[in-house]
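Shown next: start23.pdb, containing PDB, C-alpha atoms and all ligand atoms.
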ATOM      1  CA  MET A   1      -5.440   8.170  -4.556  1.00  0.00           C
ATOM      2  CA  VAL A   2      -5.538   5.947  -1.542  1.00  0.00           C
ATOM      3  CA  SER A   3      -3.206   6.229   1.449  1.00  0.00           C
ATOM      4  CA  LYS A   4      -0.085   4.046   1.692  1.00  0.00           C
ATOM      5  CA  LYS A   5      -1.680   2.213   4.597  1.00  0.00           C
ATOM      6  CA  MET A   6      -4.843   1.585   2.565  1.00  0.00           C
ATOM      7  CA  GLU A   7      -2.752   0.458  -0.429  1.00  0.00           C
ATOM      8  CA  LYS A   8      -1.074  -2.111   1.828  1.00  0.00           C
ATOM      9  CA  GLU A   9      -4.350  -3.327   3.311  1.00  0.00           C
ATOM     10  CA  LEU A  10      -6.037  -3.602  -0.112  1.00  0.00           C
ATOM     11  CA  ASN A  11      -3.085  -5.704  -1.296  1.00  0.00           C
ATOM     12  CA  ASN A  12      -3.364  -7.840   1.841  1.00  0.00           C
ATOM     13  CA  GLN A  13      -7.015  -8.453   1.047  1.00  0.00           C
ATOM     14  CA  LEU A  14      -6.165  -9.299  -2.571  1.00  0.00           C
ATOM     15  CA  ASN A  15      -3.830 -11.939  -1.133  1.00  0.00           C
ATOM     16  CA  ALA A  16      -6.443 -13.156   1.369  1.00  0.00           C
ATOM     17  CA  GLU A  17      -8.952 -13.679  -1.462  1.00  0.00           C
ATOM     18  CA  MET A  18      -6.315 -15.620  -3.430  1.00  0.00           C
ATOM     19  CA  TYR A  19      -5.691 -17.730  -0.321  1.00  0.00           C
ATOM     20  CA  SER A  20      -9.440 -18.397  -0.081  1.00  0.00           C
ATOM     21  CA  GLY A  21      -9.324 -19.645  -3.672  1.00  0.00           C
ATOM     22  CA  TYR A  22      -6.365 -21.887  -2.796  1.00  0.00           C
ATOM     23  CA  LEU A  23      -8.164 -23.189   0.278  1.00  0.00           C
ATOM     24  CA  TYR A  24     -11.276 -24.103  -1.721  1.00  0.00           C
ATOM     25  CA  LEU A  25      -9.168 -25.757  -4.431  1.00  0.00           C
ATOM     26  CA  ALA A  26      -7.477 -27.808  -1.706  1.00  0.00           C
ATOM     27  CA  MET A  27     -10.907 -28.799  -0.410  1.00  0.00           C
ATOM     28  CA  ALA A  28     -11.960 -29.664  -3.993  1.00  0.00           C
ATOM     29  CA  ALA A  29      -8.895 -31.921  -4.275  1.00  0.00           C
ATOM     30  CA  TYR A  30      -9.828 -33.625  -0.995  1.00  0.00           C
ATOM     31  CA  PHE A  31     -13.306 -34.343  -2.348  1.00  0.00           C
ATOM     32  CA  GLU A  32     -11.979 -35.530  -5.732  1.00  0.00           C
ATOM     33  CA  ASP A  33      -9.783 -37.914  -3.786  1.00  0.00           C
ATOM     34  CA  SER A  34     -12.846 -39.130  -1.864  1.00  0.00           C
ATOM     35  CA  ASP A  35     -14.814 -39.708  -5.113  1.00  0.00           C
ATOM     36  CA  LEU A  36     -17.320 -37.010  -4.177  1.00  0.00           C
ATOM     37  CA  SER A  37     -17.271 -35.094  -7.440  1.00  0.00           C
ATOM     38  CA  GLY A  38     -20.369 -33.028  -6.595  1.00  0.00           C
ATOM     39  CA  PHE A  39     -18.723 -31.725  -3.411  1.00  0.00           C
ATOM     40  CA  ALA A  40     -15.580 -31.067  -5.436  1.00  0.00           C
ATOM     41  CA  ASN A  41     -17.655 -29.096  -7.952  1.00  0.00           C
ATOM     42  CA  TRP A  42     -19.118 -26.937  -5.155  1.00  0.00           C
ATOM     43  CA  MET A  43     -15.576 -26.107  -4.024  1.00  0.00           C
ATOM     44  CA  ARG A  44     -14.334 -25.402  -7.557  1.00  0.00           C
ATOM     45  CA  VAL A  45     -17.167 -22.893  -8.067  1.00  0.00           C
ATOM     46  CA  GLN A  46     -16.294 -21.333  -4.714  1.00  0.00           C
ATOM     47  CA  ALA A  47     -12.645 -21.059  -5.770  1.00  0.00           C
ATOM     48  CA  GLN A  48     -13.655 -19.280  -9.002  1.00  0.00           C
ATOM     49  CA  GLU A  49     -15.673 -16.791  -6.983  1.00  0.00           C
ATOM     50  CA  GLU A  50     -12.656 -16.111  -4.790  1.00  0.00           C
ATOM     51  CA  LEU A  51     -10.459 -15.464  -7.796  1.00  0.00           C
ATOM     52  CA  SER A  52     -13.015 -12.939  -9.042  1.00  0.00           C
ATOM     53  CA  HIS A  53     -12.959 -11.296  -5.588  1.00  0.00           C
ATOM     54  CA  SER A  54      -9.197 -10.902  -5.726  1.00  0.00           C
ATOM     55  CA  MET A  55      -9.487  -9.412  -9.229  1.00  0.00           C
ATOM     56  CA  ARG A  56     -11.911  -6.804  -7.888  1.00  0.00           C
ATOM     57  CA  PHE A  57      -9.178  -5.697  -5.445  1.00  0.00           C
ATOM     58  CA  TYR A  58      -6.534  -5.907  -8.163  1.00  0.00           C
ATOM     59  CA  ASP A  59      -8.541  -3.662 -10.494  1.00  0.00           C
ATOM     60  CA  TYR A  60      -9.528  -1.228  -7.761  1.00  0.00           C
ATOM     61  CA  ILE A  61      -5.907  -0.783  -6.609  1.00  0.00           C
ATOM     62  CA  ILE A  62      -4.927   0.066 -10.191  1.00  0.00           C
ATOM     63  CA  ARG A  63      -7.886   2.397 -10.738  1.00  0.00           C
ATOM     64  CA  ARG A  64      -6.858   4.404  -7.658  1.00  0.00           C
ATOM     65  CA  GLY A  65      -3.339   4.891  -8.992  1.00  0.00           C
ATOM     66  CA  ALA A  66      -1.904   2.616  -6.313  1.00  0.00           C
ATOM     67  CA  LYS A  67       0.486  -0.271  -6.760  1.00  0.00           C
ATOM     68  CA  VAL A  68      -0.460  -3.939  -6.903  1.00  0.00           C
ATOM     69  CA  SER A  69       1.967  -6.099  -4.943  1.00  0.00           C
ATOM     70  CA  LEU A  70       1.630  -9.857  -5.058  1.00  0.00           C
ATOM     71  CA  ASP A  71       2.834 -11.738  -2.009  1.00  0.00           C
ATOM     72  CA  ALA A  72       3.304 -15.475  -1.578  1.00  0.00           C
ATOM     73  CA  ILE A  73       0.058 -17.330  -0.996  1.00  0.00           C
ATOM     74  CA  GLU A  74      -0.044 -19.381   2.192  1.00  0.00           C
ATOM     75  CA  LYS A  75      -0.248 -23.146   1.736  1.00  0.00           C
ATOM     76  CA  PRO A  76      -3.729 -24.393   2.633  1.00  0.00           C
ATOM     77  CA  ASN A  77      -4.574 -27.476   4.668  1.00  0.00           C
ATOM     78  CA  PHE A  78      -5.110 -30.613   2.568  1.00  0.00           C
ATOM     79  CA  GLU A  79      -6.022 -33.036   5.349  1.00  0.00           C
ATOM     80  CA  TRP A  80      -9.639 -33.262   6.397  1.00  0.00           C
ATOM     81  CA  GLY A  81     -11.429 -35.844   8.507  1.00  0.00           C
ATOM     82  CA  SER A  82     -14.878 -35.703   6.921  1.00  0.00           C
ATOM     83  CA  PRO A  83     -17.143 -33.565   4.697  1.00  0.00           C
ATOM     84  CA  LEU A  84     -18.619 -32.131   7.891  1.00  0.00           C
ATOM     85  CA  GLU A  85     -15.213 -30.993   9.111  1.00  0.00           C
ATOM     86  CA  VAL A  86     -14.586 -29.331   5.745  1.00  0.00           C
ATOM     87  CA  PHE A  87     -17.851 -27.385   5.788  1.00  0.00           C
ATOM     88  CA  ASP A  88     -17.341 -26.375   9.415  1.00  0.00           C
ATOM     89  CA  HIS A  89     -14.107 -24.816   8.250  1.00  0.00           C
ATOM     90  CA  VAL A  90     -15.780 -23.136   5.251  1.00  0.00           C
ATOM     91  CA  LEU A  91     -18.184 -21.313   7.541  1.00  0.00           C
ATOM     92  CA  SER A  92     -15.515 -20.286  10.042  1.00  0.00           C
ATOM     93  CA  HIS A  93     -13.261 -19.162   7.180  1.00  0.00           C
ATOM     94  CA  GLU A  94     -15.994 -16.987   5.687  1.00  0.00           C
ATOM     95  CA  LYS A  95     -16.632 -15.425   9.110  1.00  0.00           C
ATOM     96  CA  THR A  96     -12.933 -14.580   9.291  1.00  0.00           C
ATOM     97  CA  VAL A  97     -13.084 -12.976   5.837  1.00  0.00           C
ATOM     98  CA  SER A  98     -16.126 -10.928   6.916  1.00  0.00           C
ATOM     99  CA  GLY A  99     -14.011  -9.669   9.817  1.00  0.00           C
ATOM    100  CA  LEU A 100     -11.213  -8.659   7.420  1.00  0.00           C
ATOM    101  CA  ILE A 101     -13.675  -6.750   5.234  1.00  0.00           C
ATOM    102  CA  ASN A 102     -15.109  -5.018   8.299  1.00  0.00           C
ATOM    103  CA  ASN A 103     -11.598  -3.958   9.346  1.00  0.00           C
ATOM    104  CA  LEU A 104     -11.038  -2.490   5.887  1.00  0.00           C
ATOM    105  CA  VAL A 105     -14.311  -0.569   6.083  1.00  0.00           C
ATOM    106  CA  ASN A 106     -13.273   0.744   9.511  1.00  0.00           C
ATOM    107  CA  LEU A 107      -9.989   1.954   8.042  1.00  0.00           C
ATOM    108  CA  ALA A 108     -11.772   3.632   5.105  1.00  0.00           C
ATOM    109  CA  ILE A 109     -14.080   5.445   7.536  1.00  0.00           C
ATOM    110  CA  GLU A 110     -11.137   6.439   9.751  1.00  0.00           C
ATOM    111  CA  GLU A 111      -9.329   7.863   6.720  1.00  0.00           C
ATOM    112  CA  ASN A 112     -12.425   9.584   5.360  1.00  0.00           C
ATOM    113  CA  ASP A 113     -11.921   7.527   2.186  1.00  0.00           C
ATOM    114  CA  HIS A 114     -15.489   7.468   0.855  1.00  0.00           C
ATOM    115  CA  ALA A 115     -14.550   5.943  -2.499  1.00  0.00           C
ATOM    116  CA  THR A 116     -12.918   2.914  -0.888  1.00  0.00           C
ATOM    117  CA  ASN A 117     -15.741   2.591   1.590  1.00  0.00           C
ATOM    118  CA  ASN A 118     -18.160   2.599  -1.349  1.00  0.00           C
ATOM    119  CA  PHE A 119     -16.075  -0.025  -3.189  1.00  0.00           C
ATOM    120  CA  LEU A 120     -16.040  -2.204  -0.066  1.00  0.00           C
ATOM    121  CA  GLN A 121     -19.806  -2.158   0.374  1.00  0.00           C
ATOM    122  CA  TRP A 122     -20.118  -4.737  -2.419  1.00  0.00           C
ATOM    123  CA  PHE A 123     -17.986  -7.049  -0.266  1.00  0.00           C
ATOM    124  CA  VAL A 124     -20.011  -6.318   2.856  1.00  0.00           C
ATOM    125  CA  GLU A 125     -23.115  -7.592   1.040  1.00  0.00           C
ATOM    126  CA  GLU A 126     -21.176 -10.440  -0.591  1.00  0.00           C
ATOM    127  CA  GLN A 127     -20.006 -11.667   2.822  1.00  0.00           C
ATOM    128  CA  VAL A 128     -23.624 -11.849   3.995  1.00  0.00           C
ATOM    129  CA  GLU A 129     -24.256 -14.155   1.016  1.00  0.00           C
ATOM    130  CA  GLU A 130     -21.042 -16.102   1.581  1.00  0.00           C
ATOM    131  CA  GLU A 131     -21.892 -16.819   5.219  1.00  0.00           C
ATOM    132  CA  GLU A 132     -25.481 -17.633   4.291  1.00  0.00           C
ATOM    133  CA  SER A 133     -24.485 -20.125   1.605  1.00  0.00           C
ATOM    134  CA  ALA A 134     -21.743 -21.710   3.765  1.00  0.00           C
ATOM    135  CA  SER A 135     -24.174 -22.072   6.638  1.00  0.00           C
ATOM    136  CA  ALA A 136     -26.877 -23.610   4.401  1.00  0.00           C
ATOM    137  CA  ALA A 137     -24.360 -26.073   2.938  1.00  0.00           C
ATOM    138  CA  LEU A 138     -23.051 -26.957   6.420  1.00  0.00           C
ATOM    139  CA  ASN A 139     -26.577 -27.654   7.672  1.00  0.00           C
ATOM    140  CA  LYS A 140     -27.272 -29.955   4.732  1.00  0.00           C
ATOM    141  CA  VAL A 141     -24.025 -31.845   5.270  1.00  0.00           C
ATOM    142  CA  LYS A 142     -24.812 -32.127   8.997  1.00  0.00           C
ATOM    143  CA  LEU A 143     -28.232 -33.628   8.273  1.00  0.00           C
ATOM    144  CA  ALA A 144     -26.805 -35.976   5.645  1.00  0.00           C
ATOM    145  CA  SER A 145     -23.756 -37.063   7.611  1.00  0.00           C
ATOM    146  CA  ASP A 146     -25.490 -39.877   9.491  1.00  0.00           C
ATOM    147  CA  THR A 147     -26.063 -41.968   6.396  1.00  0.00           C
ATOM    148  CA  HIS A 148     -23.959 -42.856   3.381  1.00  0.00           C
ATOM    149  CA  ASN A 149     -26.983 -42.305   1.147  1.00  0.00           C
ATOM    150  CA  GLY A 150     -27.462 -38.835   2.572  1.00  0.00           C
ATOM    151  CA  ILE A 151     -23.945 -37.820   1.548  1.00  0.00           C
ATOM    152  CA  LEU A 152     -24.537 -39.177  -1.972  1.00  0.00           C
ATOM    153  CA  ILE A 153     -27.779 -37.209  -2.297  1.00  0.00           C
ATOM    154  CA  ILE A 154     -26.000 -33.983  -1.272  1.00  0.00           C
ATOM    155  CA  ASP A 155     -23.160 -34.865  -3.643  1.00  0.00           C
ATOM    156  CA  SER A 156     -25.539 -34.959  -6.601  1.00  0.00           C
ATOM    157  CA  GLU A 157     -27.139 -31.687  -5.466  1.00  0.00           C
ATOM    158  CA  PHE A 158     -23.741 -29.963  -5.173  1.00  0.00           C
ATOM    159  CA  ALA A 159     -22.877 -31.217  -8.672  1.00  0.00           C
ATOM    160  CA  SER A 160     -25.385 -28.750 -10.127  1.00  0.00           C
ATOM    161  CA  ARG A 161     -23.785 -25.608  -8.686  1.00  0.00           C
ATOM    162  CA  VAL A 162     -22.513 -23.362 -11.489  1.00  0.00           C
ATOM    163  CA  TYR A 163     -20.236 -20.352 -11.437  1.00  0.00           C
ATOM    164  CA  THR A 164     -21.961 -17.122 -12.446  1.00  0.00           C
ATOM    165  CA  PRO A 165     -19.585 -14.222 -13.003  1.00  0.00           C
ATOM    166  CA  ASP A 166     -20.573 -11.037 -11.145  1.00  0.00           C
ATOM    167  CA  SER A 167     -21.222  -8.039 -13.296  1.00  0.00           C
ATOM    168  CA  GLN A 168     -18.300  -5.639 -12.864  1.00  0.00           C
ATOM    169  CA  GLU A 169     -19.912  -2.416 -13.911  1.00  0.00           C
TER     170      GLU A 169
HETATM  171 FE1  LIG B 201     -14.094 -13.750  -0.983  1.00  0.00          FE
HETATM  172 FE2  LIG B 201     -15.540 -16.187   0.262  1.00  0.00          FE
HETATM  173  O1  LIG B 201     -15.015 -14.432   0.378  1.00  0.00           O
END

Show this structure as C-alpha cells.
Ligand code: FEO
Amino acid sequence: MVSKKMEKELNNQLNAEMYSGYLYLAMAAYFEDSDLSGFANWMRVQAQEELSHSMRFYDYIIRRGAKVSLDAIEKPNFEWGSPLEVFDHVLSHEKTVSGLINNLVNLAIEENDHATNNFLQWFVEEQVEEEESASAALNKVKLASDTHNGILIIDSEFASRVYTPDSQE
C-alpha cells in the first residue's frame, strides 16, 4: 500500500505526464502548420514517450492497491514564435518535470516508502536523458536558426527519430 498523500501525488504525476504529452502534441501541431514535418515527428515521438510515462504511473498506482483518479488535463499553449522558442520551452519544461520527480522521491524517502522510491528511480534516470536530449536538440536548433537551410537540415534529421517502447519488466 501507499499512503493517501502518496496516492494523490502519484495521480498528480500521472496527470503531469499526460499534460507533457498534450504539450508535445501541441508543439507537433505548430510544426505541422509550419510545414516542418521532421520537427513535428520529433514532437510526436516525444508525446508517445510521455504517454508511456503516464502509463507507468497508472500501472504502479494499481499494483500498489491504490486508486487511479484522472483529472482534467490543462490546455497547452499553441502559439509559438519560432522553433527556437519551442525548444527553449521543451528544455525548461523537462527541468520542471525533473523537479516534480525529485519532490516525489523526497516524499517517498520521508514516508520510508522504499518501493515507491525504487519505482521512481527509473524516472530519475529518465529525466537525465530527457534533459540531455532536449538540450542537444535546443543547441542544434540554435545553431541552425540563423539560416533557412539550417532549419531544413535539422528538419530532415528530426524526421528520422523513432519511438522505441521502454521495456516494462
Ligand atoms: Fe515524462 Fe519528458 O518527462

Checklist entry - Hey, can you check how far CA of Val128 (chain A) sits from CA of Glu50 (chain A)? => result 14.7 Å

Next on the checklist: Evaluated on this file, the PyMOL selection byres (((chain A and resi 86) around 10) and not hetatm) picks out some residues - which ones are they, written as a list in words?
Outcome noted: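 Going through the file, the PyMOL selection byres (((chain A and resi 86) around 10) and not hetatm) ends up selecting Tyr24, Met27, Tyr30, Phe31, Glu79, Trp80, Gly81, Ser82, Pro83, Leu84, Glu85, Phe87, Asp88, His89, Val90, Leu91, Leu138 and Val141 of chain A.
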
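Minimum distance to Ile62 (chain A) across A:Leu10, A:Leu23, A:Ile151, A:Ala144 (counting only C-alpha atoms) occurs at A:Leu10.
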
Item to check | Result set, the PyMOL selection byres (((chain A and resi 33-40) around 6) and not hetatm) on current file, as number ranges by chain | outcome: A: 28, 30-32, 41-43, 155-156, 158-159

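Here the question is which of A:Ser69, A:Gln13, A:Asn77, A:Ser20 gets nearest to Glu130 (chain A) using all atoms listed in the file, and that residue is A:Ser20.
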
Item to check | At most 10 Å from ligand LIG 201 (chain B) (all atoms listed in the file): residue list as a PyMOL selection string | outcome: chain A and resi 13-14+16-21+24+46-54+90-91+93-98+100-101+123-124+126-131+133-134

Supply region 133-144 of chain A as a short mmCIF file (atom, residue, chain, number, x, y, z; two decimals), keeping the file's coordinate frame, with N, CA, C and O atoms built in where the input has gaps.
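Generated output (part-v3.cif):
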data_model
loop_
_atom_site.label_atom_id
_atom_site.label_comp_id
_atom_site.auth_asym_id
_atom_site.auth_seq_id
_atom_site.Cartn_x
_atom_site.Cartn_y
_atom_site.Cartn_z
N SER A 133 -24.59 -18.91 2.42
CA SER A 133 -24.48 -20.12 1.60
C SER A 133 -23.62 -21.18 2.30
O SER A 133 -23.91 -22.38 2.23
N ALA A 134 -22.57 -20.75 3.02
CA ALA A 134 -21.74 -21.71 3.76
C ALA A 134 -22.56 -22.35 4.87
O ALA A 134 -22.47 -23.57 5.11
N SER A 135 -23.37 -21.56 5.54
CA SER A 135 -24.17 -22.07 6.64
C SER A 135 -25.24 -23.04 6.12
O SER A 135 -25.48 -24.11 6.73
N ALA A 136 -25.86 -22.72 4.98
CA ALA A 136 -26.88 -23.61 4.40
C ALA A 136 -26.23 -24.93 3.99
O ALA A 136 -26.79 -26.01 4.24
N ALA A 137 -25.05 -24.85 3.37
CA ALA A 137 -24.36 -26.07 2.94
C ALA A 137 -23.97 -26.90 4.16
O ALA A 137 -24.15 -28.13 4.17
N LEU A 138 -23.45 -26.24 5.20
CA LEU A 138 -23.05 -26.96 6.42
C LEU A 138 -24.24 -27.69 7.04
O LEU A 138 -24.13 -28.85 7.44
N ASN A 139 -25.39 -27.02 7.09
CA ASN A 139 -26.58 -27.65 7.67
C ASN A 139 -26.99 -28.89 6.89
O ASN A 139 -27.37 -29.91 7.46
N LYS A 140 -26.93 -28.79 5.56
CA LYS A 140 -27.27 -29.96 4.73
C LYS A 140 -26.32 -31.11 5.01
O LYS A 140 -26.74 -32.25 5.15
N VAL A 141 -25.02 -30.79 5.05
CA VAL A 141 -24.02 -31.84 5.27
C VAL A 141 -24.22 -32.46 6.66
O VAL A 141 -24.11 -33.67 6.82
N LYS A 142 -24.55 -31.63 7.64
CA LYS A 142 -24.81 -32.13 9.00
C LYS A 142 -25.96 -33.13 8.98
O LYS A 142 -25.86 -34.22 9.54
N LEU A 143 -27.05 -32.75 8.32
CA LEU A 143 -28.23 -33.63 8.27
C LEU A 143 -27.93 -34.93 7.54
O LEU A 143 -28.45 -35.98 7.89
N ALA A 144 -27.08 -34.81 6.49
CA ALA A 144 -26.80 -35.98 5.64
C ALA A 144 -25.73 -36.89 6.23
O ALA A 144 -25.61 -38.04 5.82
#
